[in-house]
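Student: Take a look at the following structure, please.
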Amino acid sequence: MFKQSLFSLCLFSATAAVYAQDAALQPTVEVTASRVAETVDASLADVSVITRADIEASHAPDLLEVLRLQAGVDMARTGGPGAQTNVFLRGGNSNHVLVLIDGVRVASSNTGAFAWENLPLDAIQRIEIVRGPRASYWGSDAIGGVIQIFTRKLTGPHLAASYGTYRDADGSAGFGARDDNGGFSVQIGARHVGGFSATNPGICNGPNDPYCIYNPDANGAQHHGGTLSADYKLGTQTISVSALRSEDMLNFDNGPSDGIWHTLDQAIGAALEGDVNAAWHQRLSLGTSREDLATPAFASTYRSTREQAGWTNDFALSAAQRLIAGFDAVHERGISIDTSGFGAPYDKSRDIDGAFAGWRVASGAFDSEIAGRYDHNSQFGGAFSGSAAGGWKFSDALRLTASFGTAFRAPDLNELYSPGYGGYYAGNPDLKPERSRTLELGAEWTPDAANRLAVHAFSTRIHDLVDFSGGSTYQAINIDRAAVDGVELTQAWHSAVWTLTNNVTVQNPRNTDTGAQLLRRPKQKLSSVLERGFGERLSAGVEFFASGNREDVGARSLPGYALVNLRADYRLNAAWKLGARLENLFDRDYELAHGYNTPGRSGYLSVTWQP
C-alpha cells in the first residue's frame with residue numbers, strides 16, 4: 001500500500017508541476033535555526049514554517065493533526081484528544097527535541113518532554129521546525145532538532161468556536177491593538193471533550209490479567225488557558241513580554257475505576273531587542289517555565305520549574321560576514337512527591353551555563369557557517385558542541401548543502417532519580433549524558449516561483465542512549481549505540497487557485513546493538529495536501545497521510561495505516577468565516593500505541609469572527 005501511494009503521489013506531483021502558473025512562493029523568515037532572523041531559503045539548516053494561515057486552513061482540532069503532516073515528524077498518542085502525546089523528530093526520542101515557546105524552554109525538567117496535548121491551536125501564531133542537531137546554538141536536548149512555537153498576536157477583536165464528534169466543544173476570545181510604537185494581545189480559551197474509551201482489550205495480557213487497565217467508558221478531557229503579549233519601542237530597542245498558561249484535566253482508564261490527570265503548563269518571557277548601531281543587533285531575554293503533573297490515582301505529583309536568561313548578538317563584520325555570539329544561563333528544578341509508599345520522592349536542582357558563537361560567510365554562490373558552544377552543567381561538567389555547514393548555488397534554481405554537527409543531552413531528573421512504580425522503571429543516578437553526531441546532505445530545486453522541491457539525507461549516531469531496559473526491573477541505563485539514517489523529500493506547488501504540498505520520509509531508527517527498531521517510529525511515511533480556491537470566499541482541500549509499520553512495547557508490531565481528511569471554509573463577509581473538517585473519511589482502525597484507541601470518522605464545524 002505504501003509503495004503504491006508513493007508512486008501515485010510522485011506521478012501526480014510531476015503532472016501538476018507542468019501546469020503551475022501565477023504562483024506566489026515567497027521566502028519566509030525564521031529565527032530559530034541560528035537564533036537570528038534569516039529567510040528559510042537562506043538557512044543552511046532544514047527548516048519548515050507552519051503559519052497562522054496554514055493552521056486556519058486545516059481546521060484541525062488539535063496540534064497532532066498539523067504536525068503529523070510534516071516531514072521527519074512522528075507522533076504517538078495514548079488515547080483521544082488531551083491524552084499524552086509524544087513527538088519524535090528525525091527518528092530521535094521525544095526528549096531529543098528542544099521545545100521553545102516565544103524563546104522560552106518549556107520541556108519538563110523531570111521527563112525532558114513537552115506536553116504537546118495541552119497546547120491549543122488557536123493560541124499559536126506560527127511554528128518553526130528545524131531538523132538536525134542545533135546544540136552548537138541551543139545546547140542540550142537539540143539532538144533531533146528544535147521546534148519553536150510563537151503565540152498569537154491579535155490586532156483586533158477575535159472570537160472562535162467549534163463543535164465536533166465525541167462532544168468536542170472548543171472556544172476562544174481575544175483582543176489586540178497595535179500602532180507604530182507597539183501593541184498588546186490577550187486571548188483566553190477553553191475546550192471540553194467527552195471523548196471515547198482510551199484503551200481497548202488488546203492492552204491486557206490475556207483475560208485474567210490482574211493489572212489490566214482497560215475500561216470501556218469514555219475518557220474525556222478539559223482545557224482552559226490563555227496567552228498575553230505586549231511590546232513597546234524605546235528608541236532603537238523594543239521591550240516585549242509574553243505569557244502562556246494552560247490548565248488541563250484528563251480522564252484515563254485505570255482498571256475498574258478511572259483516574260484523573262491534572263496538568264499545568266506555563267511559560268513567561270521578556271526581552272529587550274534592537275539595533276545598537278548599524279552593525280550590531282542584540283537580544284537580551286529572561287524567561288521562566290513550569291509544569292505541574294498530579295495523578296491522585298498513583299498518589300504522585302511532579303513539579304518542574306526552569307528560570308533562564310540569554311543574550312544573543314548579531315554582528316555584521318562586513319557585507320559578506322556575520323558573527324553570532326552570546327550566552328545562556330539556566331536553573332532547573334524538579335520535585336517528585338510520592339505518597340504511595342513505592343519509592344522515595346526527590347527534590348533536585350542544577351545549573352547550566354553556556355556560551356556560543358557562529359561565523360557566517362556568504363561570498364557569491366558559496367555560503368558557509370561554523371558554530372561552537374561550550375556548556376557547563378553543575379551535575380555533569382562541561383560539554384562542547386560544534387557544527388559546520390556549507391551551501392553551493394549552482395544556478396538560480398539549484399542549491400546544494402552539506403553539514404556536520406554534534407549534540408548532547410543531559411539525562412532528565414526522572415531518568416536519574418525517579419523511584420519508579422514499585423521499583424520498576426526507576427531512575428539511575430549513574431547515567432551519562434547522551435552524545436550524537438549527524439552528517440547531512442541536501443539539495444533544493446526551485447525552477448520558478450511556483451515550484452519548490454527539496455531533498456535531505458541524514459545519518460545520525462547516538463552514543464550512551466538512555467533506555468529503561470536495565471535488568472528485571474527495567475531500570476534506566478545507557479545503551480551503547482543508536483542510529484537513524486533517513487531521507488526527507490518535500491515538494492510544494494502553487495498556482496492561482498491550486499496548492500499542492502507533499503512530504504515523504506524514509507528512515508531507519510534503530511538500536512545498533514540489537515538491530516531493534518526504535519519504538520513508535522515508522523520507517524516510511526508520506527503526506528499530501530491538495531487545496532483549491534473557488535473565488536474569494538470558498539476553498540476546499542483534501543489531506544492524505546500514510547504511515548508504515550511501527551514497533552511498540554513488548555515486541556509488538558503496529559500495522560501501517562492510511563487516512564484521508566477533508567476540509568473546507570467559507571467566508572461570509574470580511575469578518576465572519578465558517579469552517580468544516582471531516583477526519584478519517586473511511587473510518588480506518590489504527591493504533592498509535594498498542595492497546596490505545598484512536599478517533600474513527602469525525603466531523604467538526606467552526607465559526608470565526610475577526611473584523
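Numbering starts fresh at 1 for the residues of each chain in the C-alpha cells, the chains themselves are lettered A, B, ... in the order given, and ligands are numbered from 1 as they appear.
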Check the DSSP output for the backbone and give back, as a VMD selection string, the residues of stretch 246-444 of chain A in strand (DSSP E or B).
Tutor: chain A and resid 246 to 254 256 to 277 280 to 295 300 to 316 321 to 338 346 to 363 366 to 377 381 to 393 398 to 409 421 424 434 to 444
Student: Take the residues from that selection and write them out as a short mmCIF file (atom, residue, chain, number, x, y, z; two decimals), in the first residue's frame, keeping C-alpha atoms.
Tutor:
```
data_model
loop_
_atom_site.label_atom_id
_atom_site.label_comp_id
_atom_site.auth_asym_id
_atom_site.auth_seq_id
_atom_site.Cartn_x
_atom_site.Cartn_y
_atom_site.Cartn_z
CA SER A 246 -2.67 26.12 30.22
CA GLU A 247 -4.54 24.00 32.78
CA ASP A 248 -5.86 20.60 31.78
CA MET A 249 -7.63 17.60 33.24
CA LEU A 250 -7.66 14.19 31.55
CA ASN A 251 -9.76 11.19 32.47
CA PHE A 252 -7.82 7.95 31.79
CA ASP A 253 -8.50 4.23 32.12
CA ASN A 254 -7.20 2.66 35.31
CA PRO A 256 -12.39 -0.85 37.13
CA SER A 257 -12.20 2.84 38.09
CA ASP A 258 -10.89 5.77 36.09
CA GLY A 259 -8.00 8.02 37.01
CA ILE A 260 -7.65 11.78 36.72
CA TRP A 261 -4.57 13.50 35.39
CA HIS A 262 -4.17 17.21 36.24
CA THR A 263 -1.54 19.30 34.43
CA LEU A 264 -0.43 22.90 34.45
CA ASP A 265 1.90 24.34 31.82
CA GLN A 266 3.20 27.90 31.96
CA ALA A 267 5.78 29.95 30.05
CA ILE A 268 6.62 33.61 30.71
CA GLY A 269 9.24 35.58 28.84
CA ALA A 270 10.57 39.12 28.49
CA ALA A 271 13.07 40.55 26.01
CA LEU A 272 14.85 43.74 25.03
CA GLU A 273 15.85 43.65 21.36
CA GLY A 274 17.06 46.03 18.69
CA ASP A 275 19.94 47.63 16.83
CA VAL A 276 22.78 49.04 18.93
CA ASN A 277 24.33 50.53 15.80
CA TRP A 280 25.21 45.29 15.86
CA HIS A 281 21.81 43.79 16.72
CA GLN A 282 21.24 42.35 20.20
CA ARG A 283 18.56 40.44 22.10
CA LEU A 284 18.56 40.18 25.90
CA SER A 285 15.94 37.78 27.25
CA LEU A 286 14.59 36.40 30.52
CA GLY A 287 12.19 33.51 30.91
CA THR A 288 10.57 31.06 33.29
CA SER A 289 8.58 27.90 32.68
CA ARG A 290 6.67 25.50 34.89
CA GLU A 291 4.91 22.16 34.56
CA ASP A 292 2.82 20.53 37.29
CA LEU A 293 1.55 16.98 36.91
CA ALA A 294 -0.69 15.43 39.56
CA THR A 295 -2.07 11.89 39.38
CA SER A 300 2.10 11.13 42.84
CA THR A 301 2.78 14.76 41.97
CA TYR A 302 5.59 16.16 39.84
CA ARG A 303 6.62 19.80 39.50
CA SER A 304 9.19 21.13 37.08
CA THR A 305 10.46 24.72 37.04
CA ARG A 306 13.08 26.48 34.97
CA GLU A 307 14.50 30.02 35.04
CA GLN A 308 16.62 31.19 32.14
CA ALA A 309 18.48 34.23 30.82
CA GLY A 310 20.14 34.75 27.46
CA TRP A 311 21.95 37.33 25.39
CA THR A 312 22.28 36.92 21.61
CA ASN A 313 24.31 39.32 19.45
CA ASP A 314 24.45 39.57 15.68
CA PHE A 315 27.47 41.50 14.36
CA ALA A 316 27.83 42.45 10.68
CA GLN A 321 30.36 38.11 7.02
CA ARG A 322 28.35 37.88 10.24
CA LEU A 323 29.30 36.85 13.75
CA ILE A 324 26.59 35.50 16.05
CA ALA A 325 27.58 35.17 19.71
CA GLY A 326 26.02 35.06 23.15
CA PHE A 327 25.44 33.13 26.34
CA ASP A 328 22.67 31.39 28.28
CA ALA A 329 22.14 30.64 31.97
CA VAL A 330 19.52 28.14 33.13
CA HIS A 331 18.42 26.92 36.55
CA GLU A 332 16.32 23.73 36.59
CA ARG A 333 14.45 22.17 39.48
CA GLY A 334 12.35 19.01 39.67
CA ILE A 335 10.20 17.84 42.56
CA SER A 336 8.56 14.45 42.98
CA ILE A 337 6.02 13.90 45.74
CA ASP A 338 5.06 10.25 46.14
CA TYR A 346 13.11 13.70 45.27
CA ASP A 347 13.79 17.43 45.13
CA LYS A 348 16.74 18.15 42.84
CA SER A 349 18.10 21.18 41.00
CA ARG A 350 21.00 22.01 38.71
CA ASP A 351 22.51 24.95 36.82
CA ILE A 352 23.60 25.07 33.18
CA ASP A 353 25.69 27.89 31.72
CA GLY A 354 26.60 28.09 28.06
CA ALA A 355 28.45 30.35 25.62
CA PHE A 356 28.17 30.08 21.83
CA ALA A 357 29.47 31.69 18.65
CA GLY A 358 28.78 31.22 14.96
CA TRP A 359 30.56 32.68 11.92
CA ARG A 360 28.57 33.12 8.70
CA VAL A 361 30.22 33.86 5.33
CA ALA A 362 28.34 34.48 2.07
CA SER A 363 30.51 35.02 -0.98
CA PHE A 366 29.02 29.90 -1.77
CA ASP A 367 27.92 30.42 1.82
CA SER A 368 29.11 28.71 4.98
CA GLU A 369 28.65 28.59 8.73
CA ILE A 370 30.86 27.38 11.57
CA ALA A 371 29.45 27.34 15.11
CA GLY A 372 30.50 26.08 18.51
CA ARG A 373 29.18 26.10 22.04
CA TYR A 374 30.50 25.17 25.46
CA ASP A 375 28.07 24.23 28.24
CA HIS A 376 28.81 23.62 31.89
CA ASN A 377 26.29 21.51 33.79
CA GLY A 381 30.52 19.05 33.97
CA GLY A 382 31.47 20.50 30.60
CA ALA A 383 30.34 19.62 27.08
CA PHE A 384 31.36 21.08 23.71
CA SER A 385 29.12 21.00 20.63
CA GLY A 386 30.13 22.08 17.17
CA SER A 387 28.78 22.31 13.65
CA ALA A 388 29.90 23.25 10.16
CA ALA A 389 27.77 23.76 7.06
CA GLY A 390 28.19 24.92 3.50
CA GLY A 391 25.90 25.79 0.62
CA TRP A 392 26.64 25.96 -3.11
CA LYS A 393 24.27 27.65 -5.53
CA LEU A 398 19.63 24.65 -7.76
CA ARG A 399 21.34 24.81 -4.38
CA LEU A 400 23.27 22.02 -2.62
CA THR A 401 24.08 21.96 1.11
CA ALA A 402 26.20 19.81 3.41
CA SER A 403 26.56 19.92 7.19
CA PHE A 404 28.02 18.09 10.14
CA GLY A 405 27.05 18.66 13.77
CA THR A 406 27.45 17.19 17.22
CA ALA A 407 24.94 17.40 20.07
CA PHE A 408 24.30 16.09 23.57
CA ARG A 409 21.53 15.66 26.12
CA TYR A 421 6.49 2.09 40.18
CA TYR A 424 10.08 -0.87 38.22
CA GLU A 434 23.82 11.15 25.55
CA ARG A 435 26.00 12.37 22.69
CA SER A 436 25.37 12.40 18.96
CA ARG A 437 26.88 13.29 15.60
CA THR A 438 24.97 13.91 12.38
CA LEU A 439 26.02 14.22 8.73
CA GLU A 440 23.52 15.74 6.32
CA LEU A 441 23.40 16.40 2.56
CA GLY A 442 20.67 18.46 0.94
CA ALA A 443 19.50 19.77 -2.41
CA GLU A 444 16.84 22.33 -3.23
#
```
Student: Which residues come within 9 Å of stretch 593-604 of chain A, counting only C-alpha atoms, excluding same-chain residues fewer than 6 positions away, as JSON, numbers by chain?
Tutor: {"A": [59, 60, 61, 76, 77, 78, 79, 80, 81, 162, 163, 164, 165, 166, 168, 195, 196, 197, 198, 199, 200, 201, 202, 203, 204, 214, 520, 552, 553, 556, 557, 558, 579, 580, 581, 582, 583, 584, 585, 586, 587]}
Student: What does the file look like for those residues with C-alpha atoms, as a JSON list (two decimals), in the first residue's frame?
Tutor:
```
[["chain", "number", "residue", "atom", "x", "y", "z"],
["A", 59, "HIS", "CA", -9.46, 23.47, 10.65],
["A", 60, "ALA", "CA", -7.68, 20.80, 12.70],
["A", 61, "PRO", "CA", -9.00, 20.17, 16.23],
["A", 76, "ALA", "CA", 2.22, 8.92, 19.23],
["A", 77, "ARG", "CA", -0.79, 9.44, 21.49],
["A", 78, "THR", "CA", -2.22, 7.15, 24.17],
["A", 79, "GLY", "CA", -5.91, 7.73, 23.56],
["A", 80, "GLY", "CA", -8.04, 10.58, 22.26],
["A", 81, "PRO", "CA", -7.71, 14.38, 22.41],
["A", 162, "SER", "CA", -16.17, 24.85, 17.14],
["A", 163, "TYR", "CA", -18.06, 21.65, 17.86],
["A", 164, "GLY", "CA", -17.50, 18.12, 16.67],
["A", 165, "THR", "CA", -17.69, 14.39, 17.17],
["A", 166, "TYR", "CA", -17.14, 12.96, 20.67],
["A", 168, "ASP", "CA", -15.76, 18.17, 21.33],
["A", 195, "GLY", "CA", -14.15, 11.52, 24.28],
["A", 196, "PHE", "CA", -14.13, 7.77, 23.77],
["A", 197, "SER", "CA", -12.52, 4.87, 25.60],
["A", 198, "ALA", "CA", -8.77, 5.46, 25.60],
["A", 199, "THR", "CA", -7.94, 1.74, 25.74],
["A", 200, "ASN", "CA", -9.14, -1.48, 24.18],
["A", 201, "PRO", "CA", -8.90, -5.11, 25.40],
["A", 202, "GLY", "CA", -5.65, -5.54, 23.46],
["A", 203, "ILE", "CA", -3.84, -3.67, 26.21],
["A", 204, "CYS", "CA", -4.39, -6.61, 28.59],
["A", 214, "TYR", "CA", -8.90, -1.44, 30.24],
["A", 520, "ARG", "CA", 6.61, 4.02, 17.70],
["A", 552, "ASP", "CA", 5.90, -0.95, 20.25],
["A", 553, "VAL", "CA", 6.46, -2.05, 23.83],
["A", 556, "ARG", "CA", 4.54, -5.86, 19.40],
["A", 557, "SER", "CA", 4.18, -4.52, 15.88],
["A", 558, "LEU", "CA", 1.72, -1.76, 14.99],
["A", 579, "GLY", "CA", -15.07, 26.04, 8.59],
["A", 580, "ALA", "CA", -15.62, 22.30, 8.30],
["A", 581, "ARG", "CA", -13.38, 19.26, 8.66],
["A", 582, "LEU", "CA", -14.03, 15.55, 8.19],
["A", 583, "GLU", "CA", -11.30, 13.28, 9.60],
["A", 584, "ASN", "CA", -10.66, 9.61, 8.86],
["A", 585, "LEU", "CA", -13.10, 9.66, 5.95],
["A", 586, "PHE", "CA", -13.06, 5.88, 5.50],
["A", 587, "ASP", "CA", -13.27, 5.16, 9.25]]
```
Student: Let's see if you can do this: from backbone DSSP, list all helix (DSSP H, G or I) residues in stretch 126-239 of chain A, as a list in words.
Tutor: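 For stretch 126-239 of chain A, the helix (DSSP H, G or I) set is Ala135, Ser136, Tyr137, Trp138, Pro201, Gly202 and Ile203 of chain A.
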Student: If you count only C-alpha atoms, which residues fall within 8 Å of A:Leu453, apart from same-chain ones fewer than 4 positions away, as a PDB file with N, CA and C atoms, in the first residue's frame?
Tutor:
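What follows is the written file part-v3.pdb:
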```
ATOM      1  N   GLU A 444      18.097  21.632  -3.041  1.00  0.00           N
ATOM      2  CA  GLU A 444      16.835  22.332  -3.233  1.00  0.00           C
ATOM      3  C   GLU A 444      16.771  22.842  -4.662  1.00  0.00           C
ATOM      4  N   TRP A 445      15.681  22.526  -5.335  1.00  0.00           N
ATOM      5  CA  TRP A 445      15.485  22.913  -6.721  1.00  0.00           C
ATOM      6  C   TRP A 445      14.254  23.797  -6.806  1.00  0.00           C
ATOM      7  N   THR A 446      14.440  25.020  -7.268  1.00  0.00           N
ATOM      8  CA  THR A 446      13.346  25.978  -7.417  1.00  0.00           C
ATOM      9  C   THR A 446      13.353  26.479  -8.854  1.00  0.00           C
ATOM     10  N   LEU A 489      11.854  14.126   1.659  1.00  0.00           N
ATOM     11  CA  LEU A 489      11.538  14.789   0.402  1.00  0.00           C
ATOM     12  C   LEU A 489      10.348  15.708   0.625  1.00  0.00           C
ATOM     13  N   THR A 490      10.498  16.983   0.270  1.00  0.00           N
ATOM     14  CA  THR A 490       9.394  17.936   0.384  1.00  0.00           C
ATOM     15  C   THR A 490       9.187  18.614  -0.958  1.00  0.00           C
ATOM     16  N   GLN A 491       7.932  18.824  -1.315  1.00  0.00           N
ATOM     17  CA  GLN A 491       7.591  19.431  -2.597  1.00  0.00           C
ATOM     18  C   GLN A 491       6.418  20.373  -2.393  1.00  0.00           C
ATOM     19  N   ALA A 492       6.456  21.525  -3.048  1.00  0.00           N
ATOM     20  CA  ALA A 492       5.362  22.488  -2.973  1.00  0.00           C
ATOM     21  C   ALA A 492       5.112  23.079  -4.348  1.00  0.00           C
TER      22      ALA A 492
END
```
Student: Which residues are near A:His192? Cut-off 7 Å, only C-alpha atoms, ignore same chain within fewer than 2 positions. Put them as an mmCIF file with N, CA and C atoms, in the first residue's frame.
Tutor:
```
data_model
loop_
_atom_site.group_PDB
_atom_site.id
_atom_site.type_symbol
_atom_site.label_atom_id
_atom_site.label_comp_id
_atom_site.auth_asym_id
_atom_site.auth_seq_id
_atom_site.Cartn_x
_atom_site.Cartn_y
_atom_site.Cartn_z
ATOM 1 N N ASP A 168 -16.967 17.343 21.298
ATOM 2 C CA ASP A 168 -15.764 18.171 21.330
ATOM 3 C C ASP A 168 -16.162 19.634 21.113
ATOM 4 N N ALA A 169 -16.189 20.416 22.175
ATOM 5 C CA ALA A 169 -16.562 21.828 22.122
ATOM 6 C C ALA A 169 -15.350 22.688 22.460
ATOM 7 N N ASP A 170 -15.085 23.667 21.609
ATOM 8 C CA ASP A 170 -13.890 24.492 21.758
ATOM 9 C C ASP A 170 -14.269 25.945 21.498
ATOM 10 N N ALA A 190 -11.092 27.734 26.011
ATOM 11 C CA ALA A 190 -11.472 26.538 26.767
ATOM 12 C C ALA A 190 -11.903 25.456 25.781
ATOM 13 N N GLY A 194 -15.898 15.105 25.355
ATOM 14 C CA GLY A 194 -16.498 13.940 26.001
ATOM 15 C C GLY A 194 -15.666 12.698 25.792
ATOM 16 N N ALA A 221 -11.618 15.028 28.330
ATOM 17 C CA ALA A 221 -10.558 15.962 28.690
ATOM 18 C C ALA A 221 -11.140 17.371 28.744
ATOM 19 N N GLN A 222 -10.565 18.186 29.608
ATOM 20 C CA GLN A 222 -10.965 19.582 29.717
ATOM 21 C C GLN A 222 -9.719 20.462 29.714
ATOM 22 N N HIS A 223 -9.849 21.615 29.075
ATOM 23 C CA HIS A 223 -8.731 22.558 28.998
ATOM 24 C C HIS A 223 -9.238 23.977 29.162
#
```
Student: Given the choices A:Gly225, A:Gly206, A:Gly235, A:Gly144, which gets closest to A:Asn181 if the distance is worked out from only C-alpha atoms?
Tutor: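 For A:Asn181, the nearest of the given residues is A:Gly235.
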Student: Quick one: residues within 10 Å of A:Ser242, only C-alpha atoms counted, chain neighbours fewer than 4 positions away excluded, as a list in words?
Tutor: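 My reading of the contact set: Ile101, Asp102, Gly103, Val104, Phe150, Thr151, Arg152, Lys153, Phe184, Ser185, Val186, Thr227, Leu228, Ser229, Ala230, Asp231, Ala267, Ile268, Gly269, Ala270, Ala271 and Gly287 of chain A.
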Student: Of the candidates A:Leu519, A:Leu530, A:Asp467, A:Ile477, which one gets nearest to A:Val497 if we count only C-alpha atoms?
Tutor: A:Leu530
Student: Do a neighbour search on A:Thr499 at 9 Å with only C-alpha atoms, toss out local chain neighbours closer than 6 positions, and write the hits as a ChimeraX atom specification.
Tutor: /A:492-493,529-533
Student: Counting only C-alpha atoms, which of A:Asp41, A:Glu543, A:Asp412, A:Asp74 gets nearest to A:Leu592?
Tutor: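 Between A:Asp41, A:Glu543, A:Asp412, A:Asp74, the residue approaching A:Leu592 most closely is A:Asp74.
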Student: Counting only C-alpha atoms, figure out which residue out of A:Phe175, A:Phe544, A:Phe394, A:Trp498 gets nearest to A:Leu566.
Tutor: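 Closest candidate: A:Phe544.
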Student: A:Val484, A:Ile143, A:Leu121, A:Ser539: which is nearest A:Ala160, counting only C-alpha atoms?
Tutor: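 Among the listed residues, the smallest separation from A:Ala160 belongs to A:Leu121.
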Student: Taking 4 positions as the minimum chain separation for residues in the same chain, which residues sit within 7 Å of A:Tyr561 when counting only C-alpha atoms? Answer as a PyMOL selection string.
Tutor: chain A and resi 546-548+590
Student: Output N, CA and C atoms for every residue in that selection, as an mmCIF file, in the first residue's frame.
Tutor:
```
data_model
loop_
_atom_site.group_PDB
_atom_site.id
_atom_site.type_symbol
_atom_site.label_atom_id
_atom_site.label_comp_id
_atom_site.auth_asym_id
_atom_site.auth_seq_id
_atom_site.Cartn_x
_atom_site.Cartn_y
_atom_site.Cartn_z
ATOM 1 N N ALA A 546 -0.127 8.580 5.155
ATOM 2 C CA ALA A 546 0.129 7.143 5.252
ATOM 3 C C ALA A 546 1.374 6.904 6.083
ATOM 4 N N SER A 547 1.324 5.897 6.933
ATOM 5 C CA SER A 547 2.445 5.541 7.794
ATOM 6 C C SER A 547 2.737 4.058 7.666
ATOM 7 N N GLY A 548 4.014 3.703 7.726
ATOM 8 C CA GLY A 548 4.411 2.309 7.703
ATOM 9 C C GLY A 548 4.274 1.659 9.071
ATOM 10 N N TYR A 590 -6.822 2.031 13.471
ATOM 11 C CA TYR A 590 -5.364 2.052 13.560
ATOM 12 C C TYR A 590 -4.972 2.393 14.985
#
```
Student: One decimal, in Å: what's the spacing between atom CA of A:Gly183 and atom CA of A:Thr155?
Tutor: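 Between atom CA of A:Gly183 and atom CA of A:Thr155 the gap is 8.2 Å.
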Student: So, with only C-alpha atoms as the atoms that count, which of A:Ile149, A:Ala173, A:Val73, A:Ala135 lies closest to A:Val49?
Tutor: A:Ile149
